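Reading through the structure tokens given below for one structure.
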Amino acid sequence: MENDLKTILDAVEENAAELIEFCREIVKIPSYSGKEEAVAKVIAKWMHEFEFDNVMTDELGSVIGFIEGNVGNDHLLLFDAHMDHVDVGRREVWDFEPFGAILKDNAIYGRGVVDMKGALASQIFAMGMVQRYGITPPTDLCMAAVVFEELHEGLAVKHIIENIGINPDCVVLGEPSNLNLSVGQRGRAEIELITKGKTSHGSMPELGKNAIYPMTLIINEIKKLNDTLTLKSHPLLGKGSVTIIDISSSPGGNVVPDKCRIVVDRRIIPGETEEVLINEMHDVLNTVKEQISDFEVSVRIIDEPVKFFTNKTLINHKFFPTWYFEPSIPLIQTTKTVLEKAVGQQVDVIKWLFSTDGVYTAGIANIPTIGFGPGEEEQAHTPNEHLTIDQLVKSAKGYAALALELFKK
């Protein structure tokens, strides 16, 4: 097995140009959430070229590839990366074409290269090298290239695990970690608050009841709430937070609005359940009612319909649990050792600031989940997003090592 690992690590290095080509090809293809069909076809093509034992596309559009391990093995290692990316924003602030996959200064520039097509290419490439060089891994391997993660993390991988019937013993998430080992993240919830009033002509506001006015007081109390969340903290994940991410009112024009809606982004730490979050919002509303008693308001965690490019629609409940693993447990220590040997540098144990598919795999399904990927978190979603070739290649070595070493006997 030691010689097998060296063979694959050398193969990754020798075939690095192919990895770069692969990464650039998929970065050149726009794949916004819900519009991943074109890149999914290319992903499936590469899996077939690497002669995965089985390649399929599920009813949501995610591409899943399998490589069989040793006969009689009783483990499955799942690699997870998403195909979608966020919008490019204002193009005039980019120095490069967002979908040009330009090579400059030993880096690839383009939307989604860090979050997370670099890891997507590296995971598939690492498994492809294992297959191409005729090495049988100690465990079955599964690659999930998932859809719609940017807006609805956990939904597509949940569908794969629960509907295809795979039962992974461990999940490797490829989100950017700067080649460090992430062991968790805060959870999040999206909470909707709607105030209702009565319309009137804008010239006669006294005849109506403006739904915006009580909402301004609610917003102010939510801002205060964020300050109080600093009083409780988790030793690894830090404190929770709350902020307003959307506001709207209706109807428009010169009409006193009878409806005002806000969406609250609440980042959560262990122990903060849905009930805790809803009660928290009711406490906010009770404080506001001491100032304005006569207003109507509703509160809920959002249930949002999600339409995939396959025309399949699911409802997603937008509560995404916290997850983490203690750095001292054997899985984390073994993973750290394997990765350091593969990438030839120190691998620190970190947390992610953003949310990932781990909200389902670890937060709901209780599957051991680890995070390792190329690129810096700060590059995600930014203009001139770029990934160094060095990190791209090293991440492929890391994934290959995990495939061969994590469950070896």
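For the structure tokens, the naming scheme is as follows: chains receive sequential letters (A, B, ...) according to their order of presentation, residues are indexed from 1 within each chain, and ligands are indexed from 1 in presentation order.
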
Within 9 Å of range 208-218 of chain A, counting only C-alpha atoms, which residues qualify if same-chain residues fewer than 4 places away don't, as a CSV table (one decimal) with C-alpha atoms, in the first residue's frame?
chain,number,residue,atom,x,y,z
A,193,LEU,CA,-40.8,38.2,9.4
A,194,ILE,CA,-43.8,39.9,7.8
A,195,THR,CA,-45.7,42.9,9.2
A,196,LYS,CA,-49.1,43.7,7.8
A,197,GLY,CA,-51.0,47.0,7.8
A,198,LYS,CA,-53.6,48.8,5.6
A,199,THR,CA,-53.2,50.6,2.3
A,200,SER,CA,-54.2,54.1,1.6
A,201,HIS,CA,-53.2,56.8,-0.9
A,202,GLY,CA,-49.7,58.1,-0.3
A,204,MET,CA,-53.5,60.5,2.9
A,222,ILE,CA,-32.6,42.5,15.8
A,223,LYS,CA,-29.5,44.7,15.5
A,249,SER,CA,-42.6,46.2,0.9
A,256,VAL,CA,-49.0,53.2,1.9
A,257,PRO,CA,-47.7,49.7,2.0
A,258,ASP,CA,-49.7,47.1,3.8
A,259,LYS,CA,-46.9,44.5,3.8
A,260,CYS,CA,-43.3,44.6,4.8
A,261,ARG,CA,-41.0,41.6,4.7
A,262,ILE,CA,-37.5,41.0,6.0
A,284,VAL,CA,-37.9,40.7,19.8
A,285,LEU,CA,-41.5,41.2,18.8
A,287,THR,CA,-40.1,44.2,23.0
A,288,VAL,CA,-41.4,46.1,20.0
A,289,LYS,CA,-45.0,45.6,21.1
A,291,GLN,CA,-43.6,50.6,21.9
A,292,ILE,CA,-46.3,49.9,19.3
A,295,PHE,CA,-49.5,45.7,14.6
A,296,GLU,CA,-49.8,42.3,12.9

Output as a PDB file with N, CA and C atoms, in the first residue's frame all residues of range 60-225 of chain A that backbone DSSP marks as strand (DSSP E).
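What follows is the written file out13.pdb:
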ATOM      1  N   VAL A  63     -24.097  14.556 -10.540  1.00  0.00           N
ATOM      2  CA  VAL A  63     -23.372  13.473 -11.213  1.00  0.00           C
ATOM      3  C   VAL A  63     -22.638  12.653 -10.153  1.00  0.00           C
ATOM      4  N   ILE A  64     -22.832  11.346 -10.182  1.00  0.00           N
ATOM      5  CA  ILE A  64     -22.263  10.465  -9.163  1.00  0.00           C
ATOM      6  C   ILE A  64     -21.430   9.392  -9.849  1.00  0.00           C
ATOM      7  N   GLY A  65     -20.180   9.253  -9.404  1.00  0.00           N
ATOM      8  CA  GLY A  65     -19.290   8.245  -9.948  1.00  0.00           C
ATOM      9  C   GLY A  65     -18.794   7.311  -8.868  1.00  0.00           C
ATOM     10  N   PHE A  66     -18.572   6.045  -9.224  1.00  0.00           N
ATOM     11  CA  PHE A  66     -18.160   5.027  -8.249  1.00  0.00           C
ATOM     12  C   PHE A  66     -16.895   4.321  -8.724  1.00  0.00           C
ATOM     13  N   ILE A  67     -16.032   4.002  -7.765  1.00  0.00           N
ATOM     14  CA  ILE A  67     -14.888   3.128  -7.999  1.00  0.00           C
ATOM     15  C   ILE A  67     -14.920   2.042  -6.931  1.00  0.00           C
ATOM     16  N   LEU A  76     -17.330   2.795   2.719  1.00  0.00           N
ATOM     17  CA  LEU A  76     -17.522   3.664   1.564  1.00  0.00           C
ATOM     18  C   LEU A  76     -17.057   5.060   1.931  1.00  0.00           C
ATOM     19  N   LEU A  77     -16.186   5.620   1.102  1.00  0.00           N
ATOM     20  CA  LEU A  77     -15.690   6.977   1.291  1.00  0.00           C
ATOM     21  C   LEU A  77     -16.318   7.858   0.224  1.00  0.00           C
ATOM     22  N   LEU A  78     -17.030   8.897   0.649  1.00  0.00           N
ATOM     23  CA  LEU A  78     -17.732   9.786  -0.268  1.00  0.00           C
ATOM     24  C   LEU A  78     -17.008  11.129  -0.382  1.00  0.00           C
ATOM     25  N   PHE A  79     -16.641  11.502  -1.602  1.00  0.00           N
ATOM     26  CA  PHE A  79     -16.095  12.821  -1.888  1.00  0.00           C
ATOM     27  C   PHE A  79     -17.230  13.704  -2.411  1.00  0.00           C
ATOM     28  N   ASP A  80     -17.299  14.931  -1.913  1.00  0.00           N
ATOM     29  CA  ASP A  80     -18.416  15.820  -2.233  1.00  0.00           C
ATOM     30  C   ASP A  80     -17.886  17.178  -2.698  1.00  0.00           C
ATOM     31  N   ALA A  81     -18.369  17.633  -3.870  1.00  0.00           N
ATOM     32  CA  ALA A  81     -18.050  18.977  -4.367  1.00  0.00           C
ATOM     33  C   ALA A  81     -19.241  19.464  -5.187  1.00  0.00           C
ATOM     34  N   HIS A  82     -19.493  20.768  -5.172  1.00  0.00           N
ATOM     35  CA  HIS A  82     -20.650  21.279  -5.911  1.00  0.00           C
ATOM     36  C   HIS A  82     -20.231  21.896  -7.239  1.00  0.00           C
ATOM     37  N   ILE A 102      -8.313  32.134 -17.168  1.00  0.00           N
ATOM     38  CA  ILE A 102      -7.009  32.643 -17.579  1.00  0.00           C
ATOM     39  C   ILE A 102      -5.913  32.092 -16.674  1.00  0.00           C
ATOM     40  N   LEU A 103      -4.804  31.672 -17.281  1.00  0.00           N
ATOM     41  CA  LEU A 103      -3.618  31.260 -16.529  1.00  0.00           C
ATOM     42  C   LEU A 103      -2.669  32.434 -16.417  1.00  0.00           C
ATOM     43  N   LYS A 104      -2.385  32.872 -15.205  1.00  0.00           N
ATOM     44  CA  LYS A 104      -1.469  33.997 -14.998  1.00  0.00           C
ATOM     45  C   LYS A 104      -0.804  33.843 -13.640  1.00  0.00           C
ATOM     46  N   ALA A 107      -1.489  30.707 -11.602  1.00  0.00           N
ATOM     47  CA  ALA A 107      -2.811  30.583 -10.999  1.00  0.00           C
ATOM     48  C   ALA A 107      -3.867  30.593 -12.107  1.00  0.00           C
ATOM     49  N   ILE A 108      -5.015  30.004 -11.797  1.00  0.00           N
ATOM     50  CA  ILE A 108      -6.168  30.024 -12.694  1.00  0.00           C
ATOM     51  C   ILE A 108      -7.154  31.048 -12.149  1.00  0.00           C
ATOM     52  N   TYR A 109      -7.590  31.970 -13.016  1.00  0.00           N
ATOM     53  CA  TYR A 109      -8.538  33.009 -12.629  1.00  0.00           C
ATOM     54  C   TYR A 109      -9.908  32.694 -13.211  1.00  0.00           C
ATOM     55  N   ASP A 140     -14.604   1.173  -1.101  1.00  0.00           N
ATOM     56  CA  ASP A 140     -15.326   1.733  -2.234  1.00  0.00           C
ATOM     57  C   ASP A 140     -15.269   3.258  -2.174  1.00  0.00           C
ATOM     58  N   LEU A 141     -15.172   3.878  -3.349  1.00  0.00           N
ATOM     59  CA  LEU A 141     -15.121   5.327  -3.445  1.00  0.00           C
ATOM     60  C   LEU A 141     -16.335   5.824  -4.221  1.00  0.00           C
ATOM     61  N   CYS A 142     -16.874   6.942  -3.774  1.00  0.00           N
ATOM     62  CA  CYS A 142     -17.984   7.570  -4.476  1.00  0.00           C
ATOM     63  C   CYS A 142     -17.694   9.056  -4.605  1.00  0.00           C
ATOM     64  N   MET A 143     -17.905   9.591  -5.801  1.00  0.00           N
ATOM     65  CA  MET A 143     -17.736  11.018  -6.074  1.00  0.00           C
ATOM     66  C   MET A 143     -19.108  11.618  -6.359  1.00  0.00           C
ATOM     67  N   ALA A 144     -19.480  12.628  -5.582  1.00  0.00           N
ATOM     68  CA  ALA A 144     -20.754  13.318  -5.788  1.00  0.00           C
ATOM     69  C   ALA A 144     -20.486  14.751  -6.221  1.00  0.00           C
ATOM     70  N   ALA A 145     -20.773  15.040  -7.490  1.00  0.00           N
ATOM     71  CA  ALA A 145     -20.702  16.412  -8.004  1.00  0.00           C
ATOM     72  C   ALA A 145     -22.128  16.951  -7.952  1.00  0.00           C
ATOM     73  N   VAL A 146     -22.415  17.778  -6.942  1.00  0.00           N
ATOM     74  CA  VAL A 146     -23.803  18.098  -6.618  1.00  0.00           C
ATOM     75  C   VAL A 146     -24.244  19.442  -7.197  1.00  0.00           C
ATOM     76  N   CYS A 170     -17.629   7.931   5.760  1.00  0.00           N
ATOM     77  CA  CYS A 170     -16.980   9.229   5.937  1.00  0.00           C
ATOM     78  C   CYS A 170     -17.236  10.055   4.680  1.00  0.00           C
ATOM     79  N   VAL A 171     -17.375  11.367   4.864  1.00  0.00           N
ATOM     80  CA  VAL A 171     -17.562  12.292   3.753  1.00  0.00           C
ATOM     81  C   VAL A 171     -16.413  13.295   3.758  1.00  0.00           C
ATOM     82  N   VAL A 172     -15.829  13.513   2.575  1.00  0.00           N
ATOM     83  CA  VAL A 172     -14.777  14.509   2.408  1.00  0.00           C
ATOM     84  C   VAL A 172     -15.338  15.663   1.593  1.00  0.00           C
ATOM     85  N   LEU A 173     -15.498  16.814   2.237  1.00  0.00           N
ATOM     86  CA  LEU A 173     -15.996  18.013   1.570  1.00  0.00           C
ATOM     87  C   LEU A 173     -14.820  18.802   0.999  1.00  0.00           C
ATOM     88  N   LEU A 181      -7.374  21.410   7.382  1.00  0.00           N
ATOM     89  CA  LEU A 181      -8.384  20.406   7.684  1.00  0.00           C
ATOM     90  C   LEU A 181      -9.494  21.053   8.501  1.00  0.00           C
ATOM     91  N   SER A 182     -10.673  21.189   7.899  1.00  0.00           N
ATOM     92  CA  SER A 182     -11.804  21.771   8.610  1.00  0.00           C
ATOM     93  C   SER A 182     -12.598  20.687   9.315  1.00  0.00           C
ATOM     94  N   VAL A 183     -12.971  20.966  10.551  1.00  0.00           N
ATOM     95  CA  VAL A 183     -13.685  19.974  11.356  1.00  0.00           C
ATOM     96  C   VAL A 183     -15.083  20.457  11.738  1.00  0.00           C
ATOM     97  N   GLY A 184     -15.552  21.557  11.150  1.00  0.00           N
ATOM     98  CA  GLY A 184     -16.901  21.988  11.464  1.00  0.00           C
ATOM     99  C   GLY A 184     -17.208  23.401  11.025  1.00  0.00           C
ATOM    100  N   GLN A 185     -18.418  23.820  11.332  1.00  0.00           N
ATOM    101  CA  GLN A 185     -18.903  25.141  10.964  1.00  0.00           C
ATOM    102  C   GLN A 185     -20.113  25.492  11.829  1.00  0.00           C
ATOM    103  N   GLY A 187     -23.982  26.558  12.124  1.00  0.00           N
ATOM    104  CA  GLY A 187     -25.152  26.357  11.285  1.00  0.00           C
ATOM    105  C   GLY A 187     -25.773  27.694  10.919  1.00  0.00           C
ATOM    106  N   ARG A 188     -26.880  27.636  10.189  1.00  0.00           N
ATOM    107  CA  ARG A 188     -27.568  28.873   9.842  1.00  0.00           C
ATOM    108  C   ARG A 188     -29.051  28.605   9.624  1.00  0.00           C
ATOM    109  N   ALA A 189     -29.812  29.666   9.719  1.00  0.00           N
ATOM    110  CA  ALA A 189     -31.231  29.600   9.406  1.00  0.00           C
ATOM    111  C   ALA A 189     -31.631  30.893   8.714  1.00  0.00           C
ATOM    112  N   GLU A 190     -32.616  30.777   7.829  1.00  0.00           N
ATOM    113  CA  GLU A 190     -33.206  31.960   7.211  1.00  0.00           C
ATOM    114  C   GLU A 190     -34.622  32.097   7.747  1.00  0.00           C
ATOM    115  N   ILE A 191     -34.867  33.225   8.425  1.00  0.00           N
ATOM    116  CA  ILE A 191     -36.136  33.455   9.112  1.00  0.00           C
ATOM    117  C   ILE A 191     -36.848  34.632   8.447  1.00  0.00           C
ATOM    118  N   GLU A 192     -38.110  34.430   8.159  1.00  0.00           N
ATOM    119  CA  GLU A 192     -38.920  35.473   7.521  1.00  0.00           C
ATOM    120  C   GLU A 192     -39.839  36.110   8.553  1.00  0.00           C
ATOM    121  N   LEU A 193     -39.855  37.443   8.574  1.00  0.00           N
ATOM    122  CA  LEU A 193     -40.810  38.198   9.384  1.00  0.00           C
ATOM    123  C   LEU A 193     -41.612  39.103   8.453  1.00  0.00           C
ATOM    124  N   ILE A 194     -42.919  39.096   8.597  1.00  0.00           N
ATOM    125  CA  ILE A 194     -43.792  39.924   7.771  1.00  0.00           C
ATOM    126  C   ILE A 194     -44.710  40.731   8.674  1.00  0.00           C
ATOM    127  N   THR A 195     -44.693  42.049   8.513  1.00  0.00           N
ATOM    128  CA  THR A 195     -45.658  42.911   9.178  1.00  0.00           C
ATOM    129  C   THR A 195     -46.743  43.286   8.186  1.00  0.00           C
ATOM    130  N   LYS A 196     -47.981  43.409   8.695  1.00  0.00           N
ATOM    131  CA  LYS A 196     -49.111  43.747   7.838  1.00  0.00           C
ATOM    132  C   LYS A 196     -49.817  44.998   8.353  1.00  0.00           C
TER     133      LYS A 196
END

**Shell around range 266-271 of chain A at 12 Å using only C-alpha atoms, local window under 6 positions removed, as a PyMOL selection string** = chain A and resi 184-192+222-223+225-226+229-230+232-245+277-278+280-281+301+318-325+353-355+359+363

**Prompt:** Which residue gives the smallest distance to Ile367 in chain A among A:Leu331, A:Val343, A:Ala17, A:Val297, with only C-alpha atoms counted?
**Reply:** A:Leu331

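Counting from CA of Pro137 in chain A, the distance to CA of Asn15 in chain A is 19.6 Å.
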
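With only C-alpha atoms as the atoms that count, the minimum distance from Gly154 in chain A to the choices A:Glu21, A:Asp357, A:Asp227, A:Asp246 is reached by A:Asp357.
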
**Prompt:** A:Gly253, A:Gly398, A:Gly110, A:Pro374: which is nearest Gly344 in chain A, counting only C-alpha atoms?
**Reply:** A:Gly398

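Comparing A:Leu19, A:Val264, A:Val306, A:Leu179 by their smallest distance to Gln346 in chain A, the closest is A:Leu179 (using only C-alpha atoms).
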
**Request:** Calculate how many Å separate CA of Leu387 in chain A from CA of Glu150 in chain A, rounding to one decimal.
**Result:** 18.8 Å

All residues 8 Å or closer to Asn180 in chain A, only C-alpha atoms, same chain fewer than 6 positions away omitted, as a PDB file with N, CA and C atoms, in the first residue's frame:
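Once everything was written out, this is out_32.pdb:
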ATOM      1  N   VAL A 347      -0.569  20.832   8.085  1.00  0.00           N
ATOM      2  CA  VAL A 347      -2.009  20.981   7.891  1.00  0.00           C
ATOM      3  C   VAL A 347      -2.621  21.352   9.232  1.00  0.00           C
ATOM      4  N   ASP A 348      -3.182  22.545   9.314  1.00  0.00           N
ATOM      5  CA  ASP A 348      -3.790  23.003  10.553  1.00  0.00           C
ATOM      6  C   ASP A 348      -5.248  22.557  10.634  1.00  0.00           C
ATOM      7  N   VAL A 349      -5.727  22.361  11.845  1.00  0.00           N
ATOM      8  CA  VAL A 349      -7.134  22.048  12.076  1.00  0.00           C
ATOM      9  C   VAL A 349      -7.888  23.362  12.249  1.00  0.00           C
ATOM     10  N   ILE A 350      -8.908  23.568  11.404  1.00  0.00           N
ATOM     11  CA  ILE A 350      -9.616  24.839  11.385  1.00  0.00           C
ATOM     12  C   ILE A 350     -11.129  24.597  11.409  1.00  0.00           C
ATOM     13  N   PHE A 372     -11.488  19.485   3.341  1.00  0.00           N
ATOM     14  CA  PHE A 372     -10.141  19.745   2.839  1.00  0.00           C
ATOM     15  C   PHE A 372     -10.269  20.192   1.393  1.00  0.00           C
ATOM     16  N   GLY A 373      -9.722  21.369   1.093  1.00  0.00           N
ATOM     17  CA  GLY A 373      -9.819  21.841  -0.271  1.00  0.00           C
ATOM     18  C   GLY A 373      -8.786  22.893  -0.601  1.00  0.00           C
TER      19      GLY A 373
END

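Using only C-alpha atoms, the smallest distance between any of A:Ser122, A:Thr335, A:Asn163, A:Ser328 and Cys23 in chain A comes from A:Ser122.
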
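Among the candidates A:Leu151, A:Ile20, A:Ile160, A:Ala126, the residue lying nearest to Asp87 in chain A is A:Leu151 (atoms considered: only C-alpha atoms).
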
**Asked** Taking the backbone alone, and naming residues the way the document does, which bits of range 65-168 of chain A are alpha helix (DSSP H) by DSSP, as number ranges by chain?
**Response** A: 118-132, 155-159
